[in-house]
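Participant: Can you read through this structure? Questions will come right after.
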Amino acid sequence: MPEIEFFQLTDAGPVRTRNEDAVGCWPHEDGLLFAVADGMGGHSAGDFASALALEVLAREMDRAPGTWPVGKRLRKGIQEANLQIFNKAFTVPELGGMGTTLTATTLIGASIVTAHVGDCRLYLLRDNELRQLTKDHTYVAERVQFGLLTAAQARTHPQRHLLSRSLGKDLIVSIDVLSLELKPGDVVAQCSDGVHGLIAEAELAEIMRSHEPEPACQAIVERAHAGGARDNLSIQIARALTTSPAAPSPRRWWGFRR
């Protein structure tokens with residue numbers, strides 16, 4: 001069973017005055033739950049939606065029966081978050097139209113399970129190859145999937161940030177769930193679209209390959225600032241370590257910056 005180093009960082013970016021992203025990490029069973037949400041809506045509604053999504057997810061994961069599979073618990077937590085955001089947006093005028101994306105991953109032993117709605121992403125760096133594990137829920141991504149746009153066209157399409165799925169839009173939301181086994185040396189990165197929309201995958205892979213999680217998160221945010229970021233920036237990185245049976249308990253760090 002690999003041990004895990006973990007760090008997370010969120011930043012408003014050089015242009016926006018508010019950070020509508022939210023990140024969180026919580027101990028879960030013998031591992032870790034970590035999540036990123038990217039809120040949207042007028043006034044402070046985006047901030048509220050992303051924070052509420054993480055609050056409800058963490059609470060529902062604690063409340064769910066331990067006999068349930070992790071994927072079922074994640075689904076339940078996200079559905080409850082969706083319902084609460086939908087109800088708030090409907091009943092509180094100043095929160096009308098709010099919503100959020102949400103990508104949440106549990107890392108227990110050598111297994112990860114991820115539940116995903118929206119266009120935040122989960123990446124896996126394995127054997128020097130970076131692979132996107134989640135699928136973007138955007139209208140542009142769907143057009144690429146069906147061959148109506150090329151990947152190159154999608155990167156600069158004016159509607160590339162238009163979501164086809166998000167929390168708060170409907171009473172019930174469709175949730176993607178994926179799972180895989182980690183190997184020693186694997187690195188996973190979970191990020192908002194402010195990061196993956198600006199930093200090329202080759203550069204992201206190089207930073208993840210050459211830095212431990214904390215300096216990698218810092219380098220990614222600094223690179224985004226230098227590259228003219230216009231969106232909020234959130235990044236979470238977990239690295240699986242090769243350890244002996246007598247090794248100490250996992251090292252975990254987290255960071256937060258507005």
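Note on naming: chains are A, B, ... as they come in the structure tokens, residues start from 1 per chain, ligands start from 1 in the order shown.
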Applying 9 Å and only C-alpha atoms, which residues near Val23 in chain A remain after dropping the ones on its own chain fewer than 5 positions away? List them as a PyMOL selection string.
Facilitator: chain A and resi 8-10+34-38+50-51+54+234-236+256
Participant: As number ranges by chain, please: every residue in range 66-226 of chain A that a backbone DSSP assignment puts in strand (DSSP E).
Facilitator: A: 99-100, 102-108, 111-117, 121-126, 129-132, 176-181, 187-191
Participant: Could you go through range 52-200 of chain A and tell me which residues DSSP, when run on the backbone, assigns to helix (DSSP H, G or I), listing them as an MDAnalysis selection string?
Facilitator: chainID A and resid 52:63 70:91 93:95 139:145 151:156 193:196
Participant: Can you write just those residues out, C-alpha atoms, as a short mmCIF file (atom, residue, chain, number, x, y, z; two decimals), in the first residue's frame?
Facilitator:
data_model
loop_
_atom_site.label_atom_id
_atom_site.label_comp_id
_atom_site.auth_asym_id
_atom_site.auth_seq_id
_atom_site.Cartn_x
_atom_site.Cartn_y
_atom_site.Cartn_z
CA LEU A 52 -21.95 24.90 0.11
CA ALA A 53 -21.16 22.02 -2.23
CA LEU A 54 -18.05 21.08 -0.26
CA GLU A 55 -19.77 21.55 3.09
CA VAL A 56 -22.64 19.25 2.15
CA LEU A 57 -20.37 16.67 0.52
CA ALA A 58 -18.15 16.38 3.61
CA ARG A 59 -21.16 16.12 5.93
CA GLU A 60 -22.96 13.50 3.84
CA MET A 61 -19.82 11.39 3.49
CA ASP A 62 -19.60 11.30 7.28
CA ARG A 63 -23.28 10.41 7.62
CA VAL A 70 -17.41 4.68 -1.66
CA GLY A 71 -18.85 5.49 -5.07
CA LYS A 72 -22.40 5.29 -3.70
CA ARG A 73 -21.48 7.59 -0.81
CA LEU A 74 -19.95 10.13 -3.18
CA ARG A 75 -23.04 10.04 -5.40
CA LYS A 76 -25.31 10.58 -2.41
CA GLY A 77 -23.22 13.50 -1.15
CA ILE A 78 -23.16 15.22 -4.52
CA GLN A 79 -26.88 14.69 -5.15
CA GLU A 80 -27.64 16.25 -1.75
CA ALA A 81 -25.33 19.18 -2.51
CA ASN A 82 -27.08 19.66 -5.85
CA LEU A 83 -30.50 19.67 -4.18
CA GLN A 84 -29.49 22.21 -1.54
CA ILE A 85 -27.93 24.54 -4.11
CA PHE A 86 -31.00 24.23 -6.35
CA ASN A 87 -33.35 25.04 -3.45
CA LYS A 88 -31.27 28.01 -2.29
CA ALA A 89 -31.11 29.43 -5.80
CA PHE A 90 -34.89 29.07 -6.11
CA THR A 91 -35.85 30.55 -2.73
CA PRO A 93 -33.48 36.00 -4.86
CA GLU A 94 -29.88 37.20 -4.56
CA LEU A 95 -28.66 33.63 -5.13
CA TYR A 139 -20.97 21.70 -24.91
CA VAL A 140 -17.66 22.07 -26.74
CA ALA A 141 -16.25 18.82 -25.28
CA GLU A 142 -19.39 16.99 -26.37
CA ARG A 143 -18.96 18.33 -29.90
CA VAL A 144 -15.37 17.06 -29.93
CA GLN A 145 -16.59 13.66 -28.73
CA ALA A 151 -9.44 19.33 -30.14
CA ALA A 152 -7.50 22.30 -31.55
CA GLN A 153 -10.74 24.12 -32.39
CA ALA A 154 -12.12 23.39 -28.92
CA ARG A 155 -9.16 25.02 -27.16
CA THR A 156 -10.04 28.45 -28.57
CA ASP A 193 -10.60 25.05 -15.38
CA GLY A 194 -8.63 28.18 -14.52
CA VAL A 195 -5.57 25.90 -14.36
CA HIS A 196 -6.14 23.43 -17.18
#
Participant: Need the shell around Met208 in chain A: protein/DNA/RNA residues with any atom at most 8 Å away, counting only C-alpha atoms. Skip same-chain ones fewer than 6 positions apart. Format as a list in words?
Facilitator: Leu125, Val187 and Ala216 of chain A
Participant: Deliver the residues from the most recent selection as a file, using N, CA and C atoms, as a PDB file, in the first residue's frame.
Facilitator:
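The file below, again-v7.pdb, is the result:
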ATOM      1  N   LEU A 125      -0.601  11.087 -13.582  1.00  0.00           N
ATOM      2  CA  LEU A 125       0.737  11.013 -14.158  1.00  0.00           C
ATOM      3  C   LEU A 125       1.323   9.663 -13.768  1.00  0.00           C
ATOM      4  N   VAL A 187       1.169  10.055  -9.622  1.00  0.00           N
ATOM      5  CA  VAL A 187       0.785  11.381  -9.136  1.00  0.00           C
ATOM      6  C   VAL A 187      -0.573  11.716  -9.730  1.00  0.00           C
ATOM      7  N   ALA A 216       4.951  21.885  -6.321  1.00  0.00           N
ATOM      8  CA  ALA A 216       4.268  21.740  -7.609  1.00  0.00           C
ATOM      9  C   ALA A 216       3.033  22.626  -7.662  1.00  0.00           C
TER      10      ALA A 216
END
Participant: Please indicate the distance in Å from CA of Asp11 in chain A to CA of Asp30 in chain A, rounded to one decimal place.
Facilitator: 29.0 Å
Participant: In terms of the shortest atom-to-atom distance over only C-alpha atoms, which of A:Pro158, A:Gly118, A:Gly147, A:Gly185 is closest to Thr134 in chain A?
Facilitator: A:Gly118
